[in-house]
Amino acid sequence: MDEKEYWYYFLNLGKLYYAGGTDSNYKGECLTKYEFVNNNFFAYPFFDKDIAQQIADECGGNLITVKGTFNEFIAQGKRWGKYIEEVRKK
């Protein structure tokens, strides 16, 4: 498989890592809820730096740049997906 390396990003907020967000509407106001985890093993991997930076700016976080193969990026996404699936079942 392709072993070319790519840049991807984690959003870091102190000791926490971004794991997702959802929008909701409360009394006509659009609100965003962010979810964080304390282990980057389950963090959401951003491929698009601009989107990651926009969310980081909204929540006061920083970007962590990771250089890895496409397979490593996909593996991170699968771990994140399994985590989110389990959390949302509860």
# chains A, B, ... in the order shown; residues from 1 in each chain; ligands from 1
>>> select_by_dssp(residues="range 4-58 of chain A", states="helix (DSSP H, G or I)", output="list in words")
Asn40, Phe41, Phe42, Lys49, Asp50, Ile51, Ala52, Gln53, Gln54, Ile55, Ala56, Asp57 and Glu58 of chain A
>>> residues_around(residues="Phe36 in chain A", least_positions_apart="3", cutoff="9 Å", atoms="only C-alpha atoms", output="MDAnalysis selection string")
chainID A and resid 12:13 16:21 39 43
>>> closest_residue(among="A:Phe47, A:Phe10, A:Asn38, A:Arg88", to="Leu63 in chain A", atoms="only C-alpha atoms")
A:Phe10
>>> select_by_dssp(residues="chain A", states="strand (DSSP E)", output="compact mmCIF listing (two decimals) with N, CA and C atoms, in the first residue's frame")
# COMPACT_ATOMS: atom_id res chain seq x y z
N GLU A 5 3.84 9.81 3.24
CA GLU A 5 3.39 10.40 4.49
C GLU A 5 2.55 11.65 4.23
N TYR A 6 1.58 11.85 5.10
CA TYR A 6 0.64 12.96 5.01
C TYR A 6 0.61 13.67 6.36
N TRP A 7 0.14 14.91 6.34
CA TRP A 7 -0.07 15.66 7.56
C TRP A 7 -1.55 15.54 7.95
N TYR A 8 -1.80 15.29 9.22
CA TYR A 8 -3.15 15.40 9.75
C TYR A 8 -3.06 16.01 11.13
N TYR A 9 -4.20 16.32 11.72
CA TYR A 9 -4.21 17.19 12.90
C TYR A 9 -5.13 16.67 13.99
N PHE A 10 -4.70 16.90 15.23
CA PHE A 10 -5.54 16.71 16.40
C PHE A 10 -5.79 18.09 16.99
N LEU A 11 -6.95 18.27 17.60
CA LEU A 11 -7.25 19.50 18.30
C LEU A 11 -7.04 19.23 19.78
N ASN A 12 -6.20 20.01 20.39
CA ASN A 12 -5.82 19.83 21.79
C ASN A 12 -6.33 21.00 22.61
N LEU A 13 -6.89 20.69 23.78
CA LEU A 13 -7.35 21.70 24.72
C LEU A 13 -6.84 21.29 26.09
N LEU A 16 -6.81 17.58 27.02
CA LEU A 16 -7.90 16.91 26.32
C LEU A 16 -7.74 17.02 24.80
N TYR A 17 -8.39 16.09 24.10
CA TYR A 17 -8.35 16.04 22.65
C TYR A 17 -9.77 16.00 22.10
N TYR A 18 -10.00 16.72 21.03
CA TYR A 18 -11.32 16.81 20.40
C TYR A 18 -11.77 15.45 19.89
N ALA A 19 -13.01 15.10 20.21
CA ALA A 19 -13.57 13.82 19.76
C ALA A 19 -14.85 14.02 18.96
N GLY A 20 -15.32 15.24 18.81
CA GLY A 20 -16.52 15.46 18.00
C GLY A 20 -17.33 16.64 18.50
N GLY A 21 -18.32 16.98 17.70
CA GLY A 21 -19.20 18.08 18.06
C GLY A 21 -20.55 17.90 17.40
N THR A 22 -21.55 18.45 18.03
CA THR A 22 -22.89 18.40 17.46
C THR A 22 -23.53 19.78 17.61
N ASP A 23 -24.35 20.11 16.64
CA ASP A 23 -25.09 21.37 16.70
C ASP A 23 -26.50 21.10 17.22
N SER A 24 -27.00 22.03 17.96
CA SER A 24 -28.38 21.92 18.44
C SER A 24 -29.01 23.31 18.41
N ASN A 25 -30.31 23.32 18.52
CA ASN A 25 -31.04 24.56 18.50
C ASN A 25 -31.81 24.67 19.81
N TYR A 26 -31.57 25.73 20.55
CA TYR A 26 -32.26 25.94 21.83
C TYR A 26 -32.89 27.33 21.80
N GLU A 29 -31.71 29.59 19.13
CA GLU A 29 -30.27 29.89 19.07
C GLU A 29 -29.51 28.62 18.71
N CYS A 30 -28.63 28.72 17.72
CA CYS A 30 -27.81 27.58 17.31
C CYS A 30 -26.63 27.45 18.27
N LEU A 31 -26.52 26.29 18.89
CA LEU A 31 -25.45 26.02 19.85
C LEU A 31 -24.64 24.81 19.37
N THR A 32 -23.35 24.83 19.65
CA THR A 32 -22.49 23.69 19.32
C THR A 32 -21.97 23.08 20.61
N LYS A 33 -22.09 21.77 20.72
CA LYS A 33 -21.56 21.03 21.86
C LYS A 33 -20.31 20.30 21.38
N TYR A 34 -19.23 20.44 22.13
CA TYR A 34 -17.98 19.77 21.79
C TYR A 34 -17.73 18.64 22.77
N GLU A 35 -17.17 17.56 22.27
CA GLU A 35 -16.82 16.42 23.11
C GLU A 35 -15.31 16.23 23.06
N PHE A 36 -14.71 16.00 24.24
CA PHE A 36 -13.27 15.82 24.34
C PHE A 36 -12.96 14.53 25.10
N VAL A 37 -11.80 13.96 24.80
CA VAL A 37 -11.31 12.77 25.49
C VAL A 37 -9.92 13.07 26.04
N ASN A 62 -5.60 24.24 20.53
CA ASN A 62 -4.44 24.31 19.66
C ASN A 62 -4.42 23.08 18.76
N LEU A 63 -3.76 23.21 17.63
CA LEU A 63 -3.62 22.06 16.73
C LEU A 63 -2.30 21.35 17.00
N ILE A 64 -2.36 20.04 16.96
CA ILE A 64 -1.17 19.21 17.02
C ILE A 64 -1.03 18.59 15.63
N THR A 65 0.10 18.81 14.99
CA THR A 65 0.34 18.30 13.65
C THR A 65 0.99 16.93 13.75
N VAL A 66 0.43 15.98 12.99
CA VAL A 66 0.93 14.60 12.99
C VAL A 66 1.32 14.27 11.55
N LYS A 67 2.46 13.62 11.39
CA LYS A 67 2.89 13.17 10.07
C LYS A 67 2.83 11.65 10.09
N GLY A 68 2.02 11.09 9.22
CA GLY A 68 1.87 9.64 9.19
C GLY A 68 1.40 9.17 7.82
N THR A 69 1.38 7.87 7.66
CA THR A 69 0.91 7.30 6.40
C THR A 69 -0.61 7.39 6.34
>>> closest_residue(among="A:Asn40, A:Gln53, A:Asn71, A:Gln76", to="Gly14 in chain A", atoms="only C-alpha atoms")
A:Asn40
>>> atom_distance(atom1="CA of Glu85 in chain A", atom2="CA of Phe46 in chain A")
18.2 Å
>>> closest_residue(among="A:Glu3, A:Arg79, A:Lys90, A:Glu58", to="Phe41 in chain A", atoms="only C-alpha atoms")
A:Arg79
